[in-house]
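upload-v2.tsv (TSV, C-alpha atoms)
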```
chain	number	residue	atom	x	y	z
A	1	GLN	CA	0.00	0.00	0.00
A	2	ALA	CA	1.50	3.31	-1.11
A	3	PRO	CA	1.79	6.05	1.55
A	4	PRO	CA	-0.67	8.95	1.16
A	5	ALA	CA	0.41	11.88	-0.99
A	6	GLY	CA	1.16	14.20	1.94
A	7	ALA	CA	3.33	11.76	3.87
A	8	CYS	CA	7.11	12.10	3.84
A	9	TYR	CA	7.91	9.48	6.50
A	10	GLN	CA	7.02	5.80	6.96
A	11	LEU	CA	7.27	3.95	10.27
A	12	GLN	CA	8.57	0.39	10.19
A	13	VAL	CA	8.78	-2.50	12.65
A	14	ILE	CA	11.61	-4.74	11.46
A	15	GLU	CA	12.67	-7.98	13.17
A	16	ARG	CA	15.39	-10.56	12.60
A	17	VAL	CA	15.34	-14.22	13.62
A	18	ASP	CA	18.61	-16.04	14.33
A	19	ALA	CA	18.37	-19.79	14.87
A	20	ARG	CA	20.54	-22.88	14.84
A	21	PHE	CA	19.21	-26.43	14.65
A	22	GLU	CA	20.94	-29.78	14.79
A	23	GLY	CA	18.70	-32.35	13.18
A	24	ARG	CA	15.30	-31.85	14.79
A	25	GLU	CA	16.73	-30.13	17.88
A	26	MET	CA	16.80	-26.37	18.43
A	27	ARG	CA	20.19	-25.28	19.80
A	28	GLN	CA	19.93	-21.50	19.60
A	29	PHE	CA	17.08	-19.10	18.93
A	30	ALA	CA	16.83	-15.32	19.26
A	31	THR	CA	14.67	-12.55	17.83
A	32	ALA	CA	15.66	-8.89	17.79
A	33	GLY	CA	13.92	-5.91	16.28
A	34	GLU	CA	13.67	-2.20	15.91
A	35	VAL	CA	11.12	0.52	15.27
A	36	ARG	CA	12.49	2.94	12.73
A	37	VAL	CA	11.43	5.84	10.58
A	38	LEU	CA	12.03	5.85	6.84
A	39	PRO	CA	12.22	9.11	4.86
A	40	LEU	CA	10.26	8.63	1.65
A	41	SER	CA	12.23	9.30	-1.49
A	42	GLY	CA	11.14	12.34	-3.44
A	43	ARG	CA	8.82	13.60	-0.69
A	44	PRO	CA	9.71	17.09	0.66
A	45	GLN	CA	10.15	17.20	4.45
A	46	PRO	CA	8.95	20.09	6.66
A	47	PRO	CA	11.83	22.59	7.04
A	48	GLY	CA	11.44	22.66	10.81
A	49	GLY	CA	11.38	18.91	11.32
A	50	VAL	CA	8.45	16.89	12.69
A	51	SER	CA	7.29	16.03	16.21
A	52	PHE	CA	4.60	13.47	16.95
A	53	SER	CA	3.43	10.95	19.51
A	54	LEU	CA	3.97	7.21	19.16
A	55	ALA	CA	2.31	4.33	21.02
A	56	LEU	CA	3.62	0.78	21.33
A	57	GLY	CA	1.15	-2.05	21.85
A	58	SER	CA	1.20	-5.85	22.15
A	59	ALA	CA	4.62	-5.57	23.77
A	60	ASP	CA	4.31	-8.54	26.16
A	61	LYS	CA	6.86	-10.56	24.12
A	62	VAL	CA	9.39	-7.70	24.09
A	63	THR	CA	12.25	-7.01	26.50
A	64	ALA	CA	15.55	-5.10	26.68
A	65	VAL	CA	14.18	-1.97	24.98
A	66	ARG	CA	16.91	0.52	24.02
A	67	GLU	CA	15.66	3.97	23.06
A	68	ASN	CA	17.41	6.39	20.74
A	69	GLY	CA	17.34	9.36	23.09
A	70	THR	CA	18.24	11.76	20.29
A	71	LEU	CA	14.95	11.15	18.49
A	72	LEU	CA	12.69	9.54	21.08
A	73	GLN	CA	11.58	10.35	24.62
A	74	SER	CA	9.40	8.11	26.77
A	75	ALA	CA	6.12	9.53	28.03
A	76	GLY	CA	5.36	6.41	30.12
A	77	GLY	CA	2.90	3.57	29.62
A	78	GLY	CA	4.24	2.58	26.21
A	79	SER	CA	3.85	6.12	24.86
A	80	TYR	CA	6.65	8.17	23.33
A	81	LYS	CA	7.34	11.54	21.79
A	82	VAL	CA	9.28	11.53	18.54
A	83	LYS	CA	11.21	14.55	17.30
A	84	LEU	CA	12.72	14.27	13.82
A	85	PRO	CA	15.27	16.79	12.57
A	86	PRO	CA	14.92	18.66	9.28
A	87	SER	CA	16.18	16.85	6.19
A	88	LEU	CA	16.38	13.32	7.58
A	89	GLY	CA	18.41	11.65	4.85
A	90	ALA	CA	18.45	7.97	5.86
A	91	PRO	CA	16.37	5.46	7.85
A	92	ALA	CA	16.73	6.19	11.57
A	93	SER	CA	16.22	3.78	14.45
A	94	LEU	CA	13.85	5.00	17.16
A	95	LEU	CA	14.28	2.05	19.49
A	96	LYS	CA	15.67	-1.48	19.50
A	97	TYR	CA	14.53	-4.51	21.46
A	98	SER	CA	14.76	-8.27	21.89
A	99	ALA	CA	12.11	-10.96	22.23
A	100	VAL	CA	11.74	-12.65	25.60
A	101	GLN	CA	13.67	-15.91	25.66
A	102	SER	CA	10.57	-18.02	26.26
A	103	TRP	CA	8.99	-16.82	22.99
A	104	ARG	CA	10.34	-19.00	20.18
A	105	PRO	CA	7.90	-19.44	17.28
A	106	ILE	CA	9.82	-21.17	14.48
A	107	PRO	CA	9.05	-19.33	11.22
A	108	LEU	CA	10.41	-22.11	9.02
A	109	LYS	CA	10.72	-25.64	10.39
A	110	ILE	CA	13.13	-27.91	8.52
A	111	VAL	CA	13.50	-31.63	9.22
A	112	PRO	CA	16.60	-33.02	7.47
A	113	GLU	CA	17.51	-36.61	6.70
A	114	TRP	CA	20.43	-37.92	4.69
A	115	ARG	CA	21.91	-41.28	3.87
A	116	SER	CA	24.89	-42.61	1.93
A	117	GLY	CA	24.20	-45.15	-0.79
A	118	ALA	CA	26.23	-48.20	-1.75
A	119	ASP	CA	26.51	-46.76	-5.27
A	120	GLY	CA	28.71	-43.88	-4.09
A	121	THR	CA	25.95	-41.29	-3.85
A	122	ALA	CA	24.41	-39.43	-0.92
A	123	ARG	CA	20.72	-38.55	-0.67
A	124	LEU	CA	19.40	-35.57	1.28
A	125	GLN	CA	15.75	-34.89	2.05
A	126	LEU	CA	14.42	-31.72	3.69
A	127	LEU	CA	10.83	-31.52	4.94
A	128	VAL	CA	10.05	-27.82	5.14
A	129	ALA	CA	7.05	-26.15	6.82
A	130	PRO	CA	6.35	-22.42	7.32
A	131	HIS	CA	4.73	-21.54	10.64
A	132	PRO	CA	0.94	-22.03	10.31
A	133	GLY	CA	0.31	-18.60	11.83
A	134	LEU	CA	1.95	-16.87	8.86
A	135	LYS	CA	-1.13	-16.50	6.70
A	136	GLY	CA	0.81	-14.88	3.88
A	137	GLY	CA	3.69	-17.34	4.19
A	138	LEU	CA	7.35	-16.54	3.62
A	139	GLN	CA	8.92	-14.86	0.62
A	140	ASN	CA	12.35	-14.98	-1.03
A	141	VAL	CA	13.20	-18.36	0.48
A	142	SER	CA	16.69	-19.70	-0.13
A	143	LEU	CA	18.12	-23.02	1.06
A	144	VAL	CA	21.88	-23.37	0.51
A	145	VAL	CA	23.19	-26.86	1.24
A	146	SER	CA	26.90	-27.39	1.87
A	147	ALA	CA	27.90	-30.92	0.83
A	148	ALA	CA	31.62	-31.26	1.50
A	149	GLY	CA	33.15	-34.05	-0.57
A	150	ALA	CA	30.42	-34.10	-3.22
A	151	THR	CA	31.70	-34.18	-6.80
A	152	GLY	CA	28.42	-33.12	-8.36
A	153	LEU	CA	24.64	-33.10	-8.20
A	154	ALA	CA	23.06	-36.22	-9.69
A	155	SER	CA	19.46	-35.05	-9.30
A	156	SER	CA	17.26	-32.67	-7.33
A	157	GLU	CA	13.56	-32.07	-6.81
A	158	PRO	CA	12.62	-29.32	-7.20
A	159	ALA	CA	15.42	-28.29	-9.53
A	160	ALA	CA	18.39	-26.76	-7.71
A	161	GLU	CA	21.46	-24.84	-8.76
A	162	TRP	CA	24.78	-26.65	-8.24
A	163	LEU	CA	27.72	-24.46	-7.18
A	164	GLY	CA	30.63	-26.75	-7.90
A	165	SER	CA	33.39	-24.42	-6.73
A	166	THR	CA	31.98	-24.40	-3.19
A	167	GLN	CA	30.35	-27.87	-3.19
A	168	GLN	CA	26.95	-26.33	-2.53
A	169	LEU	CA	23.50	-26.47	-4.02
A	170	ARG	CA	20.88	-23.76	-3.79
A	171	TRP	CA	17.11	-23.99	-3.88
A	172	ARG	CA	15.18	-20.77	-4.34
A	173	GLU	CA	11.45	-20.29	-3.91
A	174	ALA	CA	9.63	-17.00	-4.43
A	175	ALA	CA	7.13	-17.95	-1.70
A	176	LEU	CA	6.22	-20.80	0.64
A	177	ARG	CA	2.75	-20.74	2.16
A	178	PRO	CA	1.61	-22.76	5.18
A	179	ARG	CA	0.26	-26.22	4.47
A	180	PRO	CA	-1.48	-28.86	6.60
A	181	PRO	CA	1.03	-30.56	8.95
A	182	SER	CA	0.84	-33.78	6.93
A	183	GLN	CA	1.85	-31.99	3.72
A	184	PRO	CA	5.22	-30.27	4.21
A	185	TYR	CA	7.26	-29.07	1.26
A	186	ARG	CA	9.74	-31.74	0.20
A	187	PHE	CA	13.21	-30.95	-1.15
A	188	VAL	CA	15.37	-33.88	-2.28
A	189	ALA	CA	18.91	-33.95	-3.66
A	190	VAL	CA	21.19	-36.82	-4.66
A	191	PHE	CA	24.91	-36.02	-4.66
A	192	SER	CA	27.66	-37.81	-6.53
A	193	GLY	CA	30.65	-38.71	-4.40
A	194	VAL	CA	31.12	-39.58	-0.74
A	195	LEU	CA	30.37	-36.72	1.66
A	196	SER	CA	33.13	-36.02	4.14
A	197	ALA	CA	30.73	-34.49	6.69
A	198	PRO	CA	26.97	-34.28	7.26
A	199	PRO	CA	25.32	-31.62	5.07
A	200	THR	CA	24.45	-28.22	6.54
A	201	VAL	CA	21.73	-25.84	5.35
A	202	GLN	CA	21.91	-22.05	5.44
A	203	VAL	CA	18.43	-20.54	5.27
A	204	SER	CA	17.22	-17.09	4.27
A	205	PHE	CA	13.71	-15.69	3.90
A	206	SER	CA	11.61	-12.59	4.44
A	207	CYS	CA	8.03	-11.92	5.46
A	208	ASP	CA	6.08	-8.72	4.90
A	209	GLY	CA	3.06	-7.78	6.99
A	210	ASP	CA	4.01	-9.70	10.13
A	211	ASN	CA	6.60	-9.82	12.92
A	212	PRO	CA	7.21	-12.67	15.40
A	213	THR	CA	6.92	-10.63	18.61
A	214	GLY	CA	3.61	-9.09	17.53
A	215	LEU	CA	4.81	-5.62	18.58
A	216	ARG	CA	2.67	-2.81	17.16
A	217	ALA	CA	3.71	0.81	16.66
A	218	THR	CA	0.98	3.39	16.12
A	219	PRO	CA	1.63	7.05	15.29
A	220	GLY	CA	-0.64	9.55	17.01
A	221	ALA	CA	-3.11	11.86	15.27
A	222	ASP	CA	-0.51	14.63	15.53
A	223	ALA	CA	1.67	12.74	13.05
A	224	ASN	CA	-0.76	13.47	10.21
A	225	PRO	CA	-0.07	14.31	7.41
A	226	SER	CA	3.73	13.98	7.57
A	227	VAL	CA	3.83	10.36	8.81
A	228	ALA	CA	1.91	7.60	7.03
A	229	ALA	CA	-0.69	6.08	9.35
A	230	ALA	CA	-0.02	2.55	8.09
A	231	VAL	CA	3.08	1.02	9.70
A	232	GLN	CA	5.13	-1.51	7.76
A	233	ARG	CA	5.90	-4.76	9.60
A	234	ARG	CA	8.54	-7.15	8.33
A	235	PHE	CA	10.94	-9.83	9.50
A	236	VAL	CA	13.86	-11.67	7.94
A	237	ALA	CA	16.14	-14.60	8.66
A	238	GLY	CA	19.52	-13.67	10.09
A	239	GLN	CA	21.97	-16.47	10.92
A	240	TYR	CA	19.54	-19.34	10.39
A	241	SER	CA	21.02	-22.80	9.87
A	242	VAL	CA	20.25	-26.50	10.08
A	243	ALA	CA	22.94	-29.13	10.56
A	244	CYS	CA	22.13	-32.71	9.65
A	245	ASP	CA	22.66	-35.53	12.13
A	246	GLY	CA	24.64	-38.61	11.15
A	247	PRO	CA	23.34	-40.53	8.13
A	248	ALA	CA	20.12	-42.49	8.51
A	249	ALA	CA	20.49	-46.24	8.80
```
Written as structure tokens, how would this file's structure read?
Amino acid sequence: QAPPAGACYQLQVIERVDARFEGREMRQFATAGEVRVLPLSGRPQPPGGVSFSLALGSADKVTAVRENGTLLQSAGGGSYKVKLPPSLGAPASLLKYSAVQSWRPIPLKIVPEWRSGADGTARLQLLVAPHPGLKGGLQNVSLVVSAAGATGLASSEPAAEWLGSTQQLRWREAALRPRPPSQPYRFVAVFSGVLSAPPTVQVSFSCDGDNPTGLRATPGADANPSVAAAVQRRFVAGQYSVACDGPAA
């Protein structure tokens, strides 16, 4: 949705999920985020800057809030006063935060299984499932598999790109939407050569219109017309990886 004609700033809630899995087990998981203001390209800004109120809601999953005291002052009770300087030239963070440790919704669950064949090949299967609460699913999904020792890619489903110089393959999907639990996405690759270590998977994705903590930022009526009323929410994968266990029997 395009910002209204009079708006020159857009508020954003951006979060990043870092996770590390070994087989089916979660070893590390952390979510961090920020509320920031984005100057809109080509939109003239008021010469005297802009001041407005900002309210944060649904913050029960948020902790360790760090405010940018240059631009933001707390008014108590989840309310803030924002003061933007004239000619803001780049996105500016208003505050940063972390998710409470007990809150760990997995945006993309991956169950790996691999086995070595008697014919000198290795077969990898990934069962992949976006979180069912993500109604719009995930976008720009990339799965990069490191297969040390592989001499090539014999087959893959769906079709993958083989990066021979780094002994990696890459699957790319424009979008993955939630499915019933019994119908995960299935990615299968058969490698030529004997793997010298279990495969690992580096994962990247993005999601527009949602954020794992559920934090909401709402500009006050005094922000109109300079600040768009609609706030963009987005999250991305940071360091997100899955290491395979030993080969299946």
Shell around range 58-61 of chain A at 6 Å using only C-alpha atoms, local window under 2 positions removed, as a count of residues only: 4
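Going from CA of Gly238 in chain A to CA of Ser204 in chain A covers 7.1 Å.
With all atoms listed in the file as the basis for measurement, A:Ser53 is the residue among A:Gln139, A:Thr200, A:Ser53, A:Gln183 that approaches Leu84 in chain A most closely.
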Given the choices A:Val201, A:Leu56, A:Ala122, A:Ala129, which gets closest to Leu95 in chain A if the distance is worked out from all atoms listed in the file? A:Leu56
Using all atoms listed in the file, find all polymer residues with an atom at most 9 Å away from the point (9.7, 6.2, 6.4); report them as a VMD selection string. chain A and resid 7 to 12 36 to 41 90 to 92 227 to 228
Tell me, in Å to one decimal, how far CA of Glu173 in chain A is from CA of Ser98 in chain A. 28.7 Å
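Using all atoms listed in the file, the protein and nucleic acid residues lying at most 8 Å from the point (7.3, 4.0, 21.3) are Val35, Leu54, Ala55, Leu56, Leu72, Ser74, Gly78, Ser79, Tyr80, Lys81, Leu94, Leu95 and Ala217 of chain A.
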